[in-house]
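Q: I have a structure I would like to understand better, so I am pasting it below and will then ask my questions one at a time.
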Amino acid sequence: MSSSRPPNKPEQSNGSTGPSFEGVKVRSPKTQRRSSAFAASRTQKPLRVRIVIVGQENSGKSCLIKRYCEKRFVSKYMATVGIDYGATRIFVDKREVSVHIFDTSGMDMFSDVRNEFYRDAHGILLVFDVTRRVSFDCLGNWVREIRTEVDHTNLDNIVCILAANKCEVDPQKREVDEVEARLWAELYGFQYFETSASSGKGIGDMFHTFFSSLVRVVDAGTVKTPNTAKKMTGTVTKVKERMSSSLADKSKGSPQPSPEQAALIRRLRTGRDPWEQLGVIRGAGREEVNRVYRKHAMLLHPDKTEVSPAQEAFKILGQARNSILRMVK
């Protein structure tokens, strides 16, 4: 006959763990050891900011987020369906910030889904792939899509960044060079960054600048989130305004080019070679070619002028510049 034993009493540990029940350790609270700066930041409510990431599909939007948040790169392509959501907390200048990230699909079928998130955005990150010209050429379409939901005044107060992704590739494989991309960003008022989700190049600097700018804008109170009840009314009103504006523009007819624009368009059409079309002496260096290109692009860019021949002339301008740069070492 075995003697009866009293049940084992839970053993108390002098460490960070409490009593153990059937192998499960129950943690007791640790002593709070926080710096004075951190403790001070906890007295404020975290600042909430919303950013929307857009761009053509397969331009690397999701990979940029993974590289920044998870410090890793996923080479396998998986298309975003509709929208992906993520949230993280960071500190900007000792200020706690709650960042809400909306990673959108670049597919046309999800345009209605994307439109629901532009209105309340504090920041827009527009991404293109430097190895695919088509992803750069459609950037204007993305801006127009955003402007459909965000009126001009509010868009001016939103932090907008253009990310040129996949910059780790050999320069010969780039279909969009840095000068051209920076010019586009300058014309639209975007901050510009060369990035690589694969190598991590430029990612940290871009997001640090992005979040710092967001904190300044939101703290300044220049961005106000609209009431939900006003969303549909505002959208209908904007559609009516665009239709009225379009009809008014058609009734006025196309504007005529200025003398400077007319002379440039004529030279681009009739020039015998790229040097003459661009208006630079044969043998000019890359710096001079790019300087002249930027000057002419400001006159002819389709988003800066409504002169009807400007769009065709702007394409010829870009072709002339690219032809010269291929010959210049």
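Simple scheme: letters A, B, ... for chains in structure tokens order, numbers from 1 for residues in each chain, numbers from 1 for ligands in the order shown.
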Taking the backbone alone, and naming residues the way the document does, which bits of segment 133-235 of chain A are alpha helix (DSSP H) by DSSP, as a ChimeraX atom specification?

A: /A:133-137,139-149,152-156,178-188,203-220,231-235

Q: Determine, counting only C-alpha atoms, which protein, DNA and RNA residues have an atom within 12 Å of an atom of Lys173 of chain A; residues of the same chain fewer than 2 positions away are not included. Present the result as a ChimeraX atom specification.

A: /A:129-133,166-171,175-177

Q: Can you spit out the residues from that selection as a short mmCIF file (atom, residue, chain, number, x, y, z; two decimals), in the first residue's frame, using N, CA and C atoms?

A:
```
data_model
loop_
_atom_site.label_atom_id
_atom_site.label_comp_id
_atom_site.auth_asym_id
_atom_site.auth_seq_id
_atom_site.Cartn_x
_atom_site.Cartn_y
_atom_site.Cartn_z
N ASP A 129 8.72 51.12 -62.50
CA ASP A 129 9.83 50.20 -62.73
C ASP A 129 10.74 50.80 -63.81
N VAL A 130 12.00 51.10 -63.46
CA VAL A 130 12.90 51.75 -64.42
C VAL A 130 13.23 50.86 -65.62
N THR A 131 12.95 49.56 -65.51
CA THR A 131 13.25 48.64 -66.62
C THR A 131 12.05 48.46 -67.55
N ARG A 132 10.93 49.10 -67.23
CA ARG A 132 9.73 48.99 -68.09
C ARG A 132 9.19 50.38 -68.36
N ARG A 133 9.41 50.85 -69.57
CA ARG A 133 9.02 52.19 -69.96
C ARG A 133 7.51 52.43 -69.78
N LYS A 166 13.82 49.25 -58.79
CA LYS A 166 14.69 48.32 -59.52
C LYS A 166 15.91 49.02 -60.11
N CYS A 167 16.44 49.98 -59.36
CA CYS A 167 17.60 50.76 -59.82
C CYS A 167 18.92 50.01 -59.67
N GLU A 168 18.85 48.79 -59.18
CA GLU A 168 20.09 48.01 -59.05
C GLU A 168 20.54 47.41 -60.38
N VAL A 169 19.70 47.48 -61.42
CA VAL A 169 20.01 46.85 -62.70
C VAL A 169 21.13 47.59 -63.41
N ASP A 170 21.74 46.91 -64.37
CA ASP A 170 22.77 47.54 -65.21
C ASP A 170 22.17 48.74 -65.93
N PRO A 171 22.88 49.88 -65.98
CA PRO A 171 22.34 51.07 -66.65
C PRO A 171 21.86 50.82 -68.08
N GLU A 175 15.17 51.55 -69.02
CA GLU A 175 14.41 52.17 -70.10
C GLU A 175 14.01 53.60 -69.74
N VAL A 176 14.20 53.98 -68.46
CA VAL A 176 13.92 55.34 -68.01
C VAL A 176 15.12 55.80 -67.19
N ASP A 177 15.78 56.87 -67.65
CA ASP A 177 16.95 57.33 -66.90
C ASP A 177 16.55 58.33 -65.81
#
```

Q: Using DSSP assignments from the backbone, pull out every residue in segment 129-225 of chain A that falls under strand (DSSP E) and give it to me as a VMD selection string.

A: chain A and resid 129 159 to 165 191 to 194

Q: Keeping C-alpha atoms for every residue in the selection just given, could you write it to a file as a PDB file, in the first residue's frame?

A:
```pdb
ATOM      1  CA  ASP A 129       9.833  50.200 -62.731  1.00  0.00           C
ATOM      2  CA  VAL A 159       2.886  64.433 -49.381  1.00  0.00           C
ATOM      3  CA  CYS A 160       3.605  62.856 -52.778  1.00  0.00           C
ATOM      4  CA  ILE A 161       6.701  60.798 -53.549  1.00  0.00           C
ATOM      5  CA  LEU A 162       7.826  59.156 -56.790  1.00  0.00           C
ATOM      6  CA  ALA A 163       9.888  55.983 -56.321  1.00  0.00           C
ATOM      7  CA  ALA A 164      11.975  54.743 -59.249  1.00  0.00           C
ATOM      8  CA  ASN A 165      12.261  51.055 -58.356  1.00  0.00           C
ATOM      9  CA  GLN A 191       9.764  64.264 -54.236  1.00  0.00           C
ATOM     10  CA  TYR A 192      11.939  61.779 -56.126  1.00  0.00           C
ATOM     11  CA  PHE A 193      13.946  58.769 -54.930  1.00  0.00           C
ATOM     12  CA  GLU A 194      15.940  56.076 -56.712  1.00  0.00           C
TER      13      GLU A 194
END
```

Q: Could you give me, as a list in words, the residues within 8 Å of segment 256-265 of chain A, counting only C-alpha atoms and dropping anything in the same chain fewer than 6 positions from it?

A: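 What passes the distance filter is His296, Leu299, Leu300, Val307, Pro309, Ala310 and Ala313 of chain A.
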
Q: Need to verify the contact set: Val52 of chain A, 10 Å, only C-alpha atoms, exclusion of same-chain residues closer than 5 positions in sequence. Can you return it as a PyMOL selection string?

A: chain A and resi 83+85+100-104+114+117-118+120-126+160

Q: Tell me, in Å to one decimal, how far atom CA of Val179 of chain A is from atom CA of Arg147 of chain A.

A: 25.3 Å

Q: Pick from A:Asp205, A:Phe73, A:Pro274, A:Gly189: nearest to Asp156 of chain A, with only C-alpha atoms counted?

A: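 For Asp156 of chain A, the nearest of the given residues is A:Gly189.
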
Q: Between A:Arg48, A:Arg174, A:Lys304, A:Arg291, single out the one closest to Val217 of chain A, counting only C-alpha atoms.

A: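 Checking each candidate against Val217 of chain A, we get A:Arg48 as the closest.
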
Q: Considering only C-alpha atoms, state which residue in the set A:Trp184, A:Phe91, A:Phe190, A:Tyr68 is at the smallest distance from Gly202 of chain A.

A: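 Closest residue, counting only C-alpha atoms: A:Tyr68.
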
Q: Expressed in Å to a single decimal, how great is the separation between atom CA of Pro302 of chain A and atom CA of Phe314 of chain A?

A: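 Atom CA of Pro302 of chain A sits 7.5 Å away from atom CA of Phe314 of chain A.
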